[in-house]
$ cat input20.cif   # mmCIF, N, CA, C and O atoms
data_structure
loop_
_atom_site.label_atom_id
_atom_site.label_comp_id
_atom_site.auth_asym_id
_atom_site.auth_seq_id
_atom_site.Cartn_x
_atom_site.Cartn_y
_atom_site.Cartn_z
N MET A 1 4.39 -5.77 -8.75
CA MET A 1 4.49 -5.27 -7.40
C MET A 1 3.54 -6.08 -6.51
O MET A 1 2.39 -6.31 -6.88
N SER A 2 4.02 -6.47 -5.35
CA SER A 2 3.20 -7.25 -4.43
C SER A 2 2.08 -6.38 -3.85
O SER A 2 2.18 -5.15 -3.82
N GLU A 3 1.03 -7.04 -3.40
CA GLU A 3 -0.07 -6.30 -2.78
C GLU A 3 0.42 -5.57 -1.54
O GLU A 3 0.02 -4.43 -1.28
N GLN A 4 1.32 -6.19 -0.78
CA GLN A 4 1.85 -5.54 0.42
C GLN A 4 2.58 -4.25 0.08
O GLN A 4 2.36 -3.22 0.72
N SER A 5 3.43 -4.29 -0.94
CA SER A 5 4.15 -3.09 -1.36
C SER A 5 3.19 -2.02 -1.85
O SER A 5 3.33 -0.84 -1.51
N PHE A 6 2.21 -2.43 -2.66
CA PHE A 6 1.21 -1.49 -3.18
C PHE A 6 0.46 -0.81 -2.04
O PHE A 6 0.30 0.42 -2.03
N LEU A 7 0.01 -1.58 -1.07
CA LEU A 7 -0.72 -1.02 0.06
C LEU A 7 0.16 -0.11 0.91
O LEU A 7 -0.28 0.95 1.36
N MET A 8 1.41 -0.51 1.11
CA MET A 8 2.32 0.33 1.90
C MET A 8 2.59 1.66 1.21
O MET A 8 2.55 2.72 1.84
N LEU A 9 2.83 1.64 -0.10
CA LEU A 9 3.02 2.89 -0.83
C LEU A 9 1.76 3.75 -0.77
O LEU A 9 1.83 4.97 -0.61
N THR A 10 0.61 3.10 -0.86
CA THR A 10 -0.65 3.83 -0.81
C THR A 10 -0.84 4.55 0.51
O THR A 10 -1.19 5.74 0.54
N VAL A 11 -0.59 3.88 1.63
CA VAL A 11 -0.78 4.54 2.93
C VAL A 11 0.29 5.61 3.15
O VAL A 11 0.00 6.64 3.77
N LEU A 12 1.49 5.41 2.64
CA LEU A 12 2.54 6.42 2.81
C LEU A 12 2.31 7.64 1.91
O LEU A 12 2.89 8.69 2.15
N ALA A 13 1.45 7.52 0.91
CA ALA A 13 1.12 8.67 0.07
C ALA A 13 0.40 9.75 0.88
O ALA A 13 0.40 10.91 0.49
N ASP A 14 -0.18 9.38 2.02
CA ASP A 14 -0.83 10.36 2.91
C ASP A 14 0.16 11.10 3.79
O ASP A 14 -0.17 12.13 4.35
N GLY A 15 1.36 10.55 3.96
CA GLY A 15 2.36 11.18 4.82
C GLY A 15 3.19 10.13 5.54
O GLY A 15 2.89 8.94 5.48
N ALA A 16 4.21 10.60 6.23
CA ALA A 16 5.14 9.71 6.92
C ALA A 16 4.45 8.95 8.05
O ALA A 16 3.59 9.49 8.73
N LEU A 17 4.84 7.68 8.21
CA LEU A 17 4.33 6.83 9.28
C LEU A 17 5.46 5.99 9.85
O LEU A 17 6.41 5.67 9.14
N HIS A 18 5.33 5.61 11.11
CA HIS A 18 6.27 4.64 11.70
C HIS A 18 5.73 3.25 11.46
O HIS A 18 4.61 3.08 10.95
N GLY A 19 6.53 2.25 11.78
CA GLY A 19 6.18 0.87 11.47
C GLY A 19 4.80 0.45 11.91
O GLY A 19 4.01 -0.08 11.13
N TYR A 20 4.48 0.68 13.19
CA TYR A 20 3.16 0.27 13.68
C TYR A 20 2.05 1.05 12.98
O TYR A 20 0.98 0.50 12.70
N GLY A 21 2.30 2.32 12.68
CA GLY A 21 1.32 3.12 11.95
C GLY A 21 1.06 2.56 10.56
O GLY A 21 -0.08 2.55 10.08
N ILE A 22 2.11 2.06 9.91
CA ILE A 22 1.96 1.43 8.59
C ILE A 22 1.12 0.16 8.72
O ILE A 22 0.20 -0.07 7.93
N VAL A 23 1.42 -0.66 9.72
CA VAL A 23 0.67 -1.90 9.94
C VAL A 23 -0.82 -1.60 10.12
O VAL A 23 -1.67 -2.23 9.49
N ARG A 24 -1.14 -0.63 10.97
CA ARG A 24 -2.54 -0.27 11.23
C ARG A 24 -3.22 0.27 9.97
O ARG A 24 -4.36 -0.11 9.65
N ALA A 25 -2.54 1.17 9.25
CA ALA A 25 -3.13 1.79 8.07
C ALA A 25 -3.36 0.77 6.96
O ALA A 25 -4.40 0.81 6.28
N VAL A 26 -2.42 -0.15 6.77
CA VAL A 26 -2.58 -1.19 5.74
C VAL A 26 -3.74 -2.11 6.11
O VAL A 26 -4.56 -2.47 5.27
N SER A 27 -3.84 -2.48 7.38
CA SER A 27 -4.93 -3.33 7.83
C SER A 27 -6.28 -2.65 7.59
O SER A 27 -7.22 -3.26 7.08
N GLU A 28 -6.36 -1.38 7.93
CA GLU A 28 -7.60 -0.62 7.73
C GLU A 28 -7.94 -0.49 6.25
O GLU A 28 -9.07 -0.74 5.84
N LEU A 29 -6.96 -0.11 5.44
CA LEU A 29 -7.19 0.07 4.00
C LEU A 29 -7.65 -1.23 3.34
O LEU A 29 -8.52 -1.22 2.47
N SER A 30 -7.08 -2.34 3.77
CA SER A 30 -7.42 -3.64 3.17
C SER A 30 -8.62 -4.31 3.85
O SER A 30 -8.92 -5.46 3.54
N GLN A 31 -9.28 -3.58 4.75
CA GLN A 31 -10.41 -4.12 5.50
C GLN A 31 -10.00 -5.39 6.24
O GLN A 31 -10.69 -6.41 6.21
N GLN A 32 -8.84 -5.36 6.86
CA GLN A 32 -8.25 -6.44 7.66
C GLN A 32 -7.91 -7.68 6.85
O GLN A 32 -7.62 -8.74 7.41
N ARG A 33 -7.88 -7.58 5.53
CA ARG A 33 -7.50 -8.70 4.67
C ARG A 33 -5.99 -8.90 4.68
O ARG A 33 -5.51 -10.01 4.54
N VAL A 34 -5.23 -7.80 4.81
CA VAL A 34 -3.77 -7.88 4.84
C VAL A 34 -3.31 -7.43 6.22
O VAL A 34 -3.54 -6.30 6.62
N VAL A 35 -2.68 -8.35 6.93
CA VAL A 35 -2.12 -8.05 8.25
C VAL A 35 -0.61 -8.26 8.16
O VAL A 35 -0.15 -9.38 7.93
N LEU A 36 0.12 -7.17 8.26
CA LEU A 36 1.58 -7.24 8.15
C LEU A 36 2.19 -7.67 9.48
O LEU A 36 1.89 -7.10 10.52
N ARG A 37 3.04 -8.65 9.43
CA ARG A 37 3.83 -9.05 10.60
C ARG A 37 5.12 -8.25 10.58
O ARG A 37 5.53 -7.75 9.52
N VAL A 38 5.77 -8.14 11.72
CA VAL A 38 6.96 -7.30 11.85
C VAL A 38 8.04 -7.69 10.83
O VAL A 38 8.59 -6.83 10.14
N GLY A 39 8.33 -8.97 10.70
CA GLY A 39 9.36 -9.40 9.76
C GLY A 39 9.02 -9.04 8.33
O GLY A 39 9.87 -8.58 7.56
N THR A 40 7.75 -9.22 7.97
CA THR A 40 7.30 -8.87 6.62
C THR A 40 7.37 -7.37 6.41
O THR A 40 7.86 -6.89 5.38
N LEU A 41 6.89 -6.61 7.39
CA LEU A 41 6.88 -5.16 7.31
C LEU A 41 8.27 -4.62 7.00
O LEU A 41 8.46 -3.88 6.03
N TYR A 42 9.25 -5.00 7.80
CA TYR A 42 10.58 -4.42 7.62
C TYR A 42 11.30 -5.00 6.40
O TYR A 42 12.12 -4.31 5.79
N GLY A 43 10.96 -6.21 6.00
CA GLY A 43 11.50 -6.74 4.75
C GLY A 43 11.01 -5.93 3.56
O GLY A 43 11.78 -5.58 2.66
N VAL A 44 9.71 -5.60 3.55
CA VAL A 44 9.15 -4.80 2.46
C VAL A 44 9.70 -3.39 2.51
O VAL A 44 10.07 -2.81 1.48
N ILE A 45 9.79 -2.80 3.71
CA ILE A 45 10.36 -1.45 3.84
C ILE A 45 11.78 -1.42 3.31
O ILE A 45 12.15 -0.52 2.56
N ASP A 46 12.59 -2.41 3.68
CA ASP A 46 13.98 -2.46 3.20
C ASP A 46 14.03 -2.52 1.68
O ASP A 46 14.83 -1.83 1.04
N ARG A 47 13.16 -3.33 1.07
CA ARG A 47 13.14 -3.45 -0.38
C ARG A 47 12.68 -2.14 -1.03
O ARG A 47 13.27 -1.68 -2.01
N LEU A 48 11.64 -1.53 -0.47
CA LEU A 48 11.15 -0.26 -1.02
C LEU A 48 12.19 0.84 -0.88
O LEU A 48 12.35 1.68 -1.78
N CYS A 49 12.93 0.83 0.22
CA CYS A 49 14.01 1.81 0.41
C CYS A 49 15.14 1.57 -0.60
O CYS A 49 15.62 2.53 -1.22
N SER A 50 15.54 0.32 -0.77
CA SER A 50 16.64 0.05 -1.71
C SER A 50 16.22 0.32 -3.15
O SER A 50 17.06 0.64 -3.99
N ASP A 51 14.91 0.26 -3.45
CA ASP A 51 14.41 0.59 -4.79
C ASP A 51 14.19 2.09 -4.97
O ASP A 51 13.79 2.53 -6.04
N GLY A 52 14.41 2.86 -3.90
CA GLY A 52 14.25 4.31 -3.98
C GLY A 52 12.81 4.77 -3.95
O GLY A 52 12.51 5.92 -4.33
N LEU A 53 11.90 3.93 -3.48
CA LEU A 53 10.48 4.28 -3.46
C LEU A 53 10.04 4.85 -2.11
O LEU A 53 9.05 5.58 -2.02
N VAL A 54 10.79 4.51 -1.06
CA VAL A 54 10.51 4.96 0.30
C VAL A 54 11.84 5.34 0.93
O VAL A 54 12.89 4.79 0.56
N GLU A 55 11.81 6.30 1.85
CA GLU A 55 13.04 6.67 2.56
C GLU A 55 12.72 6.99 4.01
O GLU A 55 11.57 7.29 4.36
N LEU A 56 13.75 6.91 4.83
CA LEU A 56 13.61 7.27 6.24
C LEU A 56 13.32 8.76 6.32
O LEU A 56 14.01 9.58 5.70
N ASP A 57 12.28 9.12 7.04
CA ASP A 57 11.89 10.52 7.20
C ASP A 57 12.48 11.11 8.47
O ASP A 57 13.07 12.17 8.47
N SER A 58 12.29 10.39 9.58
CA SER A 58 12.80 10.88 10.87
C SER A 58 12.84 9.73 11.86
O SER A 58 12.28 8.66 11.62
N GLU A 59 13.53 9.99 12.97
CA GLU A 59 13.56 9.04 14.07
C GLU A 59 13.18 9.80 15.33
O GLU A 59 13.66 10.91 15.55
N GLN A 60 12.30 9.20 16.13
CA GLN A 60 11.86 9.83 17.36
C GLN A 60 11.83 8.78 18.47
O GLN A 60 11.51 7.62 18.22
N VAL A 61 12.15 9.22 19.67
CA VAL A 61 12.06 8.33 20.82
C VAL A 61 10.68 8.52 21.43
O VAL A 61 10.25 9.64 21.71
N HIS A 62 9.97 7.40 21.60
CA HIS A 62 8.63 7.42 22.18
C HIS A 62 8.58 6.35 23.26
O HIS A 62 8.78 5.17 22.98
N ASN A 63 8.33 6.75 24.50
CA ASN A 63 8.30 5.83 25.63
C ASN A 63 9.58 5.00 25.70
O ASN A 63 9.54 3.79 25.94
N GLY A 64 10.72 5.63 25.45
CA GLY A 64 12.01 4.96 25.54
C GLY A 64 12.36 4.09 24.35
O GLY A 64 13.39 3.43 24.35
N ARG A 65 11.51 4.05 23.34
CA ARG A 65 11.78 3.23 22.15
C ARG A 65 11.94 4.13 20.94
O ARG A 65 11.23 5.12 20.79
N LEU A 66 12.85 3.73 20.07
CA LEU A 66 13.09 4.48 18.85
C LEU A 66 12.03 4.13 17.81
O LEU A 66 11.81 2.96 17.52
N ARG A 67 11.39 5.16 17.28
CA ARG A 67 10.44 4.98 16.19
C ARG A 67 11.04 5.59 14.94
O ARG A 67 11.46 6.74 14.94
N ARG A 68 11.05 4.81 13.87
CA ARG A 68 11.51 5.31 12.58
C ARG A 68 10.29 5.60 11.72
O ARG A 68 9.43 4.74 11.56
N TYR A 69 10.25 6.80 11.19
CA TYR A 69 9.16 7.21 10.31
C TYR A 69 9.66 7.14 8.88
O TYR A 69 10.77 7.59 8.58
N TYR A 70 8.83 6.59 8.01
CA TYR A 70 9.18 6.44 6.60
C TYR A 70 8.23 7.26 5.76
O TYR A 70 7.06 7.45 6.12
N ARG A 71 8.73 7.74 4.64
CA ARG A 71 7.89 8.49 3.70
C ARG A 71 8.14 8.01 2.28
O ARG A 71 9.20 7.47 1.96
N ILE A 72 7.16 8.25 1.45
CA ILE A 72 7.25 7.87 0.04
C ILE A 72 8.07 8.94 -0.68
O ILE A 72 7.98 10.12 -0.35
N THR A 73 8.87 8.53 -1.62
CA THR A 73 9.67 9.47 -2.41
C THR A 73 8.88 9.89 -3.65
O THR A 73 7.83 9.33 -3.96
N ASP A 74 9.41 10.87 -4.39
CA ASP A 74 8.78 11.27 -5.65
C ASP A 74 8.73 10.08 -6.61
O ASP A 74 7.73 9.86 -7.30
N ASN A 75 9.82 9.31 -6.65
CA ASN A 75 9.85 8.11 -7.48
C ASN A 75 8.80 7.10 -7.02
O ASN A 75 8.16 6.43 -7.82
N GLY A 76 8.61 7.01 -5.71
CA GLY A 76 7.58 6.13 -5.16
C GLY A 76 6.19 6.56 -5.58
O GLY A 76 5.34 5.72 -5.91
N LEU A 77 5.93 7.87 -5.58
CA LEU A 77 4.63 8.37 -6.02
C LEU A 77 4.40 8.08 -7.49
O LEU A 77 3.30 7.67 -7.89
N THR A 78 5.43 8.27 -8.31
CA THR A 78 5.32 7.98 -9.74
C THR A 78 5.06 6.49 -9.96
O THR A 78 4.21 6.10 -10.77
N THR A 79 5.78 5.66 -9.24
CA THR A 79 5.60 4.20 -9.34
C THR A 79 4.20 3.81 -8.88
O THR A 79 3.55 2.98 -9.52
N LEU A 80 3.74 4.40 -7.78
CA LEU A 80 2.40 4.12 -7.28
C LEU A 80 1.34 4.52 -8.31
O LEU A 80 0.39 3.77 -8.55
N ALA A 81 1.52 5.66 -8.95
CA ALA A 81 0.56 6.10 -9.97
C ALA A 81 0.52 5.12 -11.14
O ALA A 81 -0.56 4.75 -11.61
N GLY A 82 1.68 4.66 -11.58
CA GLY A 82 1.74 3.69 -12.67
C GLY A 82 1.11 2.37 -12.31
O GLY A 82 0.36 1.77 -13.09
N GLU A 83 1.38 1.89 -11.11
CA GLU A 83 0.82 0.62 -10.65
C GLU A 83 -0.69 0.74 -10.47
O GLU A 83 -1.44 -0.20 -10.77
N THR A 84 -1.15 1.88 -9.99
CA THR A 84 -2.59 2.11 -9.83
C THR A 84 -3.28 2.06 -11.18
O THR A 84 -4.34 1.43 -11.33
N ALA A 85 -2.70 2.69 -12.19
CA ALA A 85 -3.27 2.67 -13.54
C ALA A 85 -3.30 1.24 -14.08
O ALA A 85 -4.30 0.81 -14.67
N ARG A 86 -2.22 0.49 -13.87
CA ARG A 86 -2.15 -0.89 -14.34
C ARG A 86 -3.22 -1.74 -13.67
O ARG A 86 -3.95 -2.50 -14.33
N ARG A 87 -3.34 -1.61 -12.36
CA ARG A 87 -4.34 -2.40 -11.63
C ARG A 87 -5.76 -1.98 -12.02
O ARG A 87 -6.65 -2.83 -12.10
N SER A 88 -5.97 -0.71 -12.26
CA SER A 88 -7.30 -0.25 -12.70
C SER A 88 -7.67 -0.88 -14.03
O SER A 88 -8.83 -1.26 -14.25
N GLU A 89 -6.71 -1.01 -14.92
CA GLU A 89 -6.96 -1.62 -16.23
C GLU A 89 -7.30 -3.10 -16.06
O GLU A 89 -8.19 -3.62 -16.74
N VAL A 90 -6.64 -3.78 -15.16
CA VAL A 90 -6.93 -5.19 -14.90
C VAL A 90 -8.35 -5.33 -14.33
O VAL A 90 -9.11 -6.21 -14.73
N VAL A 91 -8.71 -4.45 -13.41
CA VAL A 91 -10.06 -4.48 -12.84
C VAL A 91 -11.10 -4.21 -13.93
O VAL A 91 -12.14 -4.87 -13.99
N ARG A 92 -10.83 -3.26 -14.81
CA ARG A 92 -11.75 -2.96 -15.91
C ARG A 92 -11.94 -4.20 -16.79
O ARG A 92 -13.06 -4.56 -17.14
N ALA A 93 -10.86 -4.87 -17.12
CA ALA A 93 -10.93 -6.07 -17.97
C ALA A 93 -11.71 -7.19 -17.27
O ALA A 93 -12.55 -7.86 -17.90
N ALA A 94 -11.45 -7.39 -16.00
CA ALA A 94 -12.16 -8.44 -15.25
C ALA A 94 -13.64 -8.11 -15.16
O ALA A 94 -14.50 -8.99 -15.34
N THR A 95 -13.96 -6.85 -14.90
CA THR A 95 -15.36 -6.42 -14.81
C THR A 95 -16.08 -6.67 -16.13
O THR A 95 -17.21 -7.19 -16.14
N GLU A 96 -15.44 -6.32 -17.22
CA GLU A 96 -16.03 -6.54 -18.55
C GLU A 96 -16.33 -8.02 -18.79
O GLU A 96 -17.39 -8.39 -19.27
N ARG A 97 -15.37 -8.86 -18.46
CA ARG A 97 -15.55 -10.30 -18.66
C ARG A 97 -16.67 -10.87 -17.78
O ARG A 97 -17.47 -11.70 -18.22
N LEU A 98 -16.73 -10.40 -16.54
CA LEU A 98 -17.78 -10.87 -15.63
C LEU A 98 -19.17 -10.38 -16.07
O LEU A 98 -20.15 -11.11 -15.95
N ARG A 99 -19.23 -9.17 -16.58
CA ARG A 99 -20.51 -8.66 -17.10
C ARG A 99 -20.96 -9.48 -18.30
O ARG A 99 -22.15 -9.79 -18.44
N THR A 100 -20.01 -9.83 -19.18
CA THR A 100 -20.33 -10.64 -20.35
C THR A 100 -20.95 -11.97 -19.94
O THR A 100 -21.85 -12.48 -20.61
N ARG A 101 -20.50 -12.51 -18.84
CA ARG A 101 -21.03 -13.80 -18.35
C ARG A 101 -22.26 -13.63 -17.47
O ARG A 101 -22.77 -14.61 -16.93
N GLY A 102 -22.70 -12.38 -17.29
CA GLY A 102 -23.88 -12.12 -16.47
C GLY A 102 -23.64 -12.19 -14.98
O GLY A 102 -24.58 -12.28 -14.20
N LEU A 103 -22.38 -12.13 -14.56
CA LEU A 103 -22.05 -12.23 -13.14
C LEU A 103 -21.99 -10.87 -12.45
O LEU A 103 -21.93 -10.81 -11.22
N LEU A 104 -22.00 -9.81 -13.23
CA LEU A 104 -22.07 -8.45 -12.69
C LEU A 104 -23.12 -7.70 -13.50
O LEU A 104 -23.28 -7.94 -14.70
N PRO A 105 -23.80 -6.75 -12.83
CA PRO A 105 -24.80 -5.97 -13.58
C PRO A 105 -24.13 -5.04 -14.59
O PRO A 105 -22.98 -4.66 -14.41
N GLU A 106 -24.85 -4.71 -15.64
CA GLU A 106 -24.36 -3.75 -16.61
C GLU A 106 -24.22 -2.39 -15.93
O GLU A 106 -24.98 -2.06 -15.02
N SER A 107 -23.23 -1.61 -16.36
CA SER A 107 -23.02 -0.29 -15.76
C SER A 107 -23.91 0.73 -16.42
O SER A 107 -24.45 0.52 -17.50
N GLY A 108 -24.01 1.88 -15.78
CA GLY A 108 -24.77 2.99 -16.35
C GLY A 108 -26.24 2.90 -16.02
O GLY A 108 -26.76 1.84 -15.67
N GLY A 109 -26.87 4.04 -16.10
CA GLY A 109 -28.29 4.11 -15.82
C GLY A 109 -29.10 4.04 -17.09
O GLY A 109 -28.57 3.87 -18.18
N THR A 110 -30.37 4.14 -16.94
CA THR A 110 -31.25 4.15 -18.12
C THR A 110 -31.38 5.57 -18.63
O THR A 110 -31.42 6.52 -17.87
N ALA A 111 -31.49 5.70 -19.94
CA ALA A 111 -31.57 7.03 -20.55
C ALA A 111 -33.00 7.46 -20.74
O ALA A 111 -33.90 6.73 -20.82
#
$ encode --input "input20.cif" --output "structure tokens"
Amino acid sequence: MSEQSFLMLTVLADGALHGYGIVRAVSELSQQRVVLRVGTLYGVIDRLCSDGLVELDSEQVHNGRLRRYYRITDNGLTTLAGETARRSEVVRAATERLRTRGLLPESGGTA
């Protein structure tokens, strides 16, 4: 799963958002490391929708413009949980290797 998809599913786990809301939430979550452009945003949304991970929640007119709100599906939450576990395992393995090389401090306190 791409980082963009992972971040989008993560922000949608809090509730439905419209496109610009997704862009802002992903930027904030990633500490401005990931900035979604409109073409990328809707390409990822289309893929997540066709995979059954995200669905259209509602449409609202705001200042004369149509806003589409998207929400994560139950399948999307299950997929997000699995991907989170997988990524956590990768982080654990990387941390272990870096500690072995002395690049990260040992974990835990003194007894």
$ residues_around --input "input20.cif" --residues "Val11 of chain A" --least-positions-apart "5" --cutoff "8 Å" --atoms "only C-alpha atoms" --output "list in words"
Ile22, Ala25, Val26 and Leu29 of chain A
$ closest_residue --input "input20.cif" --among "A:Ala13, A:Leu103, A:Leu98, A:Ala85" --to "Thr73 of chain A" --atoms "all atoms listed in the file"
A:Ala13
$ atom_distance --input "input20.cif" --atom1 "atom CA of Val23 of chain A" --atom2 "atom O of Arg37 of chain A"
7.6 Å
$ residues_around --input "input20.cif" --residues "Tyr70 of chain A" --least-positions-apart "3" --cutoff "7 Å" --atoms "all atoms listed in the file" --output "PyMOL selection string"
chain A and resi 12+15-19+54-58
$ select_by_dssp --input "input20.cif" --residues "segment 17-108 of chain A" --states "alpha helix (DSSP H)" --output "ChimeraX atom specification"
/A:19-29,38-50,74-100
$ closest_residue --input "input20.cif" --among "A:Val61, A:Leu9, A:Ala93, A:Val44" --to "Ala81 of chain A" --atoms "only C-alpha atoms"
A:Leu9
$ atom_distance --input "input20.cif" --atom1 "atom N of Arg65 of chain A" --atom2 "atom CA of Gln4 of chain A"
26.7 Å
$ closest_residue --input "input20.cif" --among "A:Asp46, A:Arg99, A:Leu66, A:Glu83" --to "Phe6 of chain A" --atoms "only N, CA, C and O atoms"
A:Glu83
$ select_by_dssp --input "input20.cif" --residues "chain A" --states "strand (DSSP E)" --output "list in words"
Leu17, His18, Val54, Glu55, Leu56, Asp57, Ser58, Glu59, Gln60, Val61, His62, Arg65, Leu66, Arg67, Arg68, Tyr69, Tyr70, Arg71 and Ile72 of chain A
$ atom_distance --input "input20.cif" --atom1 "atom N of Arg67 of chain A" --atom2 "atom N of Tyr20 of chain A"
9.2 Å
$ residues_around --input "input20.cif" --residues "Gly52 of chain A" --least-positions-apart "3" --cutoff "8 Å" --atoms "all atoms listed in the file" --output "PDB file with N, CA, C and O atoms, in the coordinates of the input"
ATOM      1  N   ILE A  45       9.790  -2.800   3.710  1.00  0.00           N
ATOM      2  CA  ILE A  45      10.360  -1.450   3.840  1.00  0.00           C
ATOM      3  C   ILE A  45      11.780  -1.420   3.310  1.00  0.00           C
ATOM      4  O   ILE A  45      12.150  -0.520   2.560  1.00  0.00           O
ATOM      5  N   ASP A  46      12.590  -2.410   3.680  1.00  0.00           N
ATOM      6  CA  ASP A  46      13.980  -2.460   3.200  1.00  0.00           C
ATOM      7  C   ASP A  46      14.030  -2.520   1.680  1.00  0.00           C
ATOM      8  O   ASP A  46      14.830  -1.830   1.040  1.00  0.00           O
ATOM      9  N   ARG A  47      13.160  -3.330   1.070  1.00  0.00           N
ATOM     10  CA  ARG A  47      13.140  -3.450  -0.380  1.00  0.00           C
ATOM     11  C   ARG A  47      12.680  -2.140  -1.030  1.00  0.00           C
ATOM     12  O   ARG A  47      13.270  -1.680  -2.010  1.00  0.00           O
ATOM     13  N   LEU A  48      11.640  -1.530  -0.470  1.00  0.00           N
ATOM     14  CA  LEU A  48      11.150  -0.260  -1.020  1.00  0.00           C
ATOM     15  C   LEU A  48      12.190   0.840  -0.880  1.00  0.00           C
ATOM     16  O   LEU A  48      12.350   1.680  -1.780  1.00  0.00           O
ATOM     17  N   CYS A  49      12.930   0.830   0.220  1.00  0.00           N
ATOM     18  CA  CYS A  49      14.010   1.810   0.410  1.00  0.00           C
ATOM     19  C   CYS A  49      15.140   1.570  -0.600  1.00  0.00           C
ATOM     20  O   CYS A  49      15.620   2.530  -1.220  1.00  0.00           O
ATOM     21  N   GLU A  55      11.810   6.300   1.850  1.00  0.00           N
ATOM     22  CA  GLU A  55      13.040   6.670   2.560  1.00  0.00           C
ATOM     23  C   GLU A  55      12.720   6.990   4.010  1.00  0.00           C
ATOM     24  O   GLU A  55      11.570   7.290   4.360  1.00  0.00           O
ATOM     25  N   ARG A  71       8.730   7.740   4.640  1.00  0.00           N
ATOM     26  CA  ARG A  71       7.890   8.490   3.700  1.00  0.00           C
ATOM     27  C   ARG A  71       8.140   8.010   2.280  1.00  0.00           C
ATOM     28  O   ARG A  71       9.200   7.470   1.960  1.00  0.00           O
ATOM     29  N   ILE A  72       7.160   8.250   1.450  1.00  0.00           N
ATOM     30  CA  ILE A  72       7.250   7.870   0.040  1.00  0.00           C
ATOM     31  C   ILE A  72       8.070   8.940  -0.680  1.00  0.00           C
ATOM     32  O   ILE A  72       7.980  10.120  -0.350  1.00  0.00           O
ATOM     33  N   THR A  73       8.870   8.530  -1.620  1.00  0.00           N
ATOM     34  CA  THR A  73       9.670   9.470  -2.410  1.00  0.00           C
ATOM     35  C   THR A  73       8.880   9.890  -3.650  1.00  0.00           C
ATOM     36  O   THR A  73       7.830   9.330  -3.960  1.00  0.00           O
ATOM     37  N   ASP A  74       9.410  10.870  -4.390  1.00  0.00           N
ATOM     38  CA  ASP A  74       8.780  11.270  -5.650  1.00  0.00           C
ATOM     39  C   ASP A  74       8.730  10.080  -6.610  1.00  0.00           C
ATOM     40  O   ASP A  74       7.730   9.860  -7.300  1.00  0.00           O
ATOM     41  N   ASN A  75       9.820   9.310  -6.650  1.00  0.00           N
ATOM     42  CA  ASN A  75       9.850   8.110  -7.480  1.00  0.00           C
ATOM     43  C   ASN A  75       8.800   7.100  -7.020  1.00  0.00           C
ATOM     44  O   ASN A  75       8.160   6.430  -7.820  1.00  0.00           O
ATOM     45  N   GLY A  76       8.610   7.010  -5.710  1.00  0.00           N
ATOM     46  CA  GLY A  76       7.580   6.130  -5.160  1.00  0.00           C
ATOM     47  C   GLY A  76       6.190   6.560  -5.580  1.00  0.00           C
ATOM     48  O   GLY A  76       5.340   5.720  -5.910  1.00  0.00           O
ATOM     49  N   LEU A  77       5.930   7.870  -5.580  1.00  0.00           N
ATOM     50  CA  LEU A  77       4.630   8.370  -6.020  1.00  0.00           C
ATOM     51  C   LEU A  77       4.400   8.080  -7.490  1.00  0.00           C
ATOM     52  O   LEU A  77       3.300   7.670  -7.890  1.00  0.00           O
TER      53      LEU A  77
END
$ decode --input "input20.cif" --residues "segment 69-80 of chain A" --atoms "N, CA and C atoms" --output "PDB file, in the first residue's frame"
ATOM      1  N   TYR A  69     -18.044  14.097   0.230  1.00  0.00           N
ATOM      2  CA  TYR A  69     -17.435  13.594   1.462  1.00  0.00           C
ATOM      3  C   TYR A  69     -17.249  12.091   1.325  1.00  0.00           C
ATOM      4  N   TYR A  70     -16.087  11.625   1.731  1.00  0.00           N
ATOM      5  CA  TYR A  70     -15.749  10.204   1.635  1.00  0.00           C
ATOM      6  C   TYR A  70     -15.548   9.647   3.032  1.00  0.00           C
ATOM      7  N   ARG A  71     -15.862   8.375   3.181  1.00  0.00           N
ATOM      8  CA  ARG A  71     -15.648   7.703   4.464  1.00  0.00           C
ATOM      9  C   ARG A  71     -15.006   6.345   4.234  1.00  0.00           C
ATOM     10  N   ILE A  72     -14.346   5.873   5.262  1.00  0.00           N
ATOM     11  CA  ILE A  72     -13.696   4.567   5.208  1.00  0.00           C
ATOM     12  C   ILE A  72     -14.761   3.496   5.448  1.00  0.00           C
ATOM     13  N   THR A  73     -14.647   2.387   4.764  1.00  0.00           N
ATOM     14  CA  THR A  73     -15.583   1.276   4.943  1.00  0.00           C
ATOM     15  C   THR A  73     -15.054   0.335   6.028  1.00  0.00           C
ATOM     16  N   ASP A  74     -15.878  -0.635   6.425  1.00  0.00           N
ATOM     17  CA  ASP A  74     -15.417  -1.649   7.378  1.00  0.00           C
ATOM     18  C   ASP A  74     -14.213  -2.399   6.810  1.00  0.00           C
ATOM     19  N   ASN A  75     -14.274  -2.715   5.522  1.00  0.00           N
ATOM     20  CA  ASN A  75     -13.145  -3.373   4.866  1.00  0.00           C
ATOM     21  C   ASN A  75     -11.904  -2.472   4.891  1.00  0.00           C
ATOM     22  N   GLY A  76     -12.118  -1.175   4.726  1.00  0.00           N
ATOM     23  CA  GLY A  76     -11.016  -0.220   4.792  1.00  0.00           C
ATOM     24  C   GLY A  76     -10.386  -0.185   6.174  1.00  0.00           C
ATOM     25  N   LEU A  77     -11.214  -0.246   7.218  1.00  0.00           N
ATOM     26  CA  LEU A  77     -10.686  -0.268   8.586  1.00  0.00           C
ATOM     27  C   LEU A  77      -9.886  -1.539   8.843  1.00  0.00           C
ATOM     28  N   THR A  78     -10.390  -2.668   8.358  1.00  0.00           N
ATOM     29  CA  THR A  78      -9.675  -3.938   8.515  1.00  0.00           C
ATOM     30  C   THR A  78      -8.347  -3.894   7.773  1.00  0.00           C
ATOM     31  N   THR A  79      -8.367  -3.369   6.562  1.00  0.00           N
ATOM     32  CA  THR A  79      -7.144  -3.241   5.762  1.00  0.00           C
ATOM     33  C   THR A  79      -6.160  -2.297   6.440  1.00  0.00           C
ATOM     34  N   LEU A  80      -6.659  -1.179   6.964  1.00  0.00           N
ATOM     35  CA  LEU A  80      -5.804  -0.227   7.666  1.00  0.00           C
ATOM     36  C   LEU A  80      -5.169  -0.880   8.893  1.00  0.00           C
TER      37      LEU A  80
END
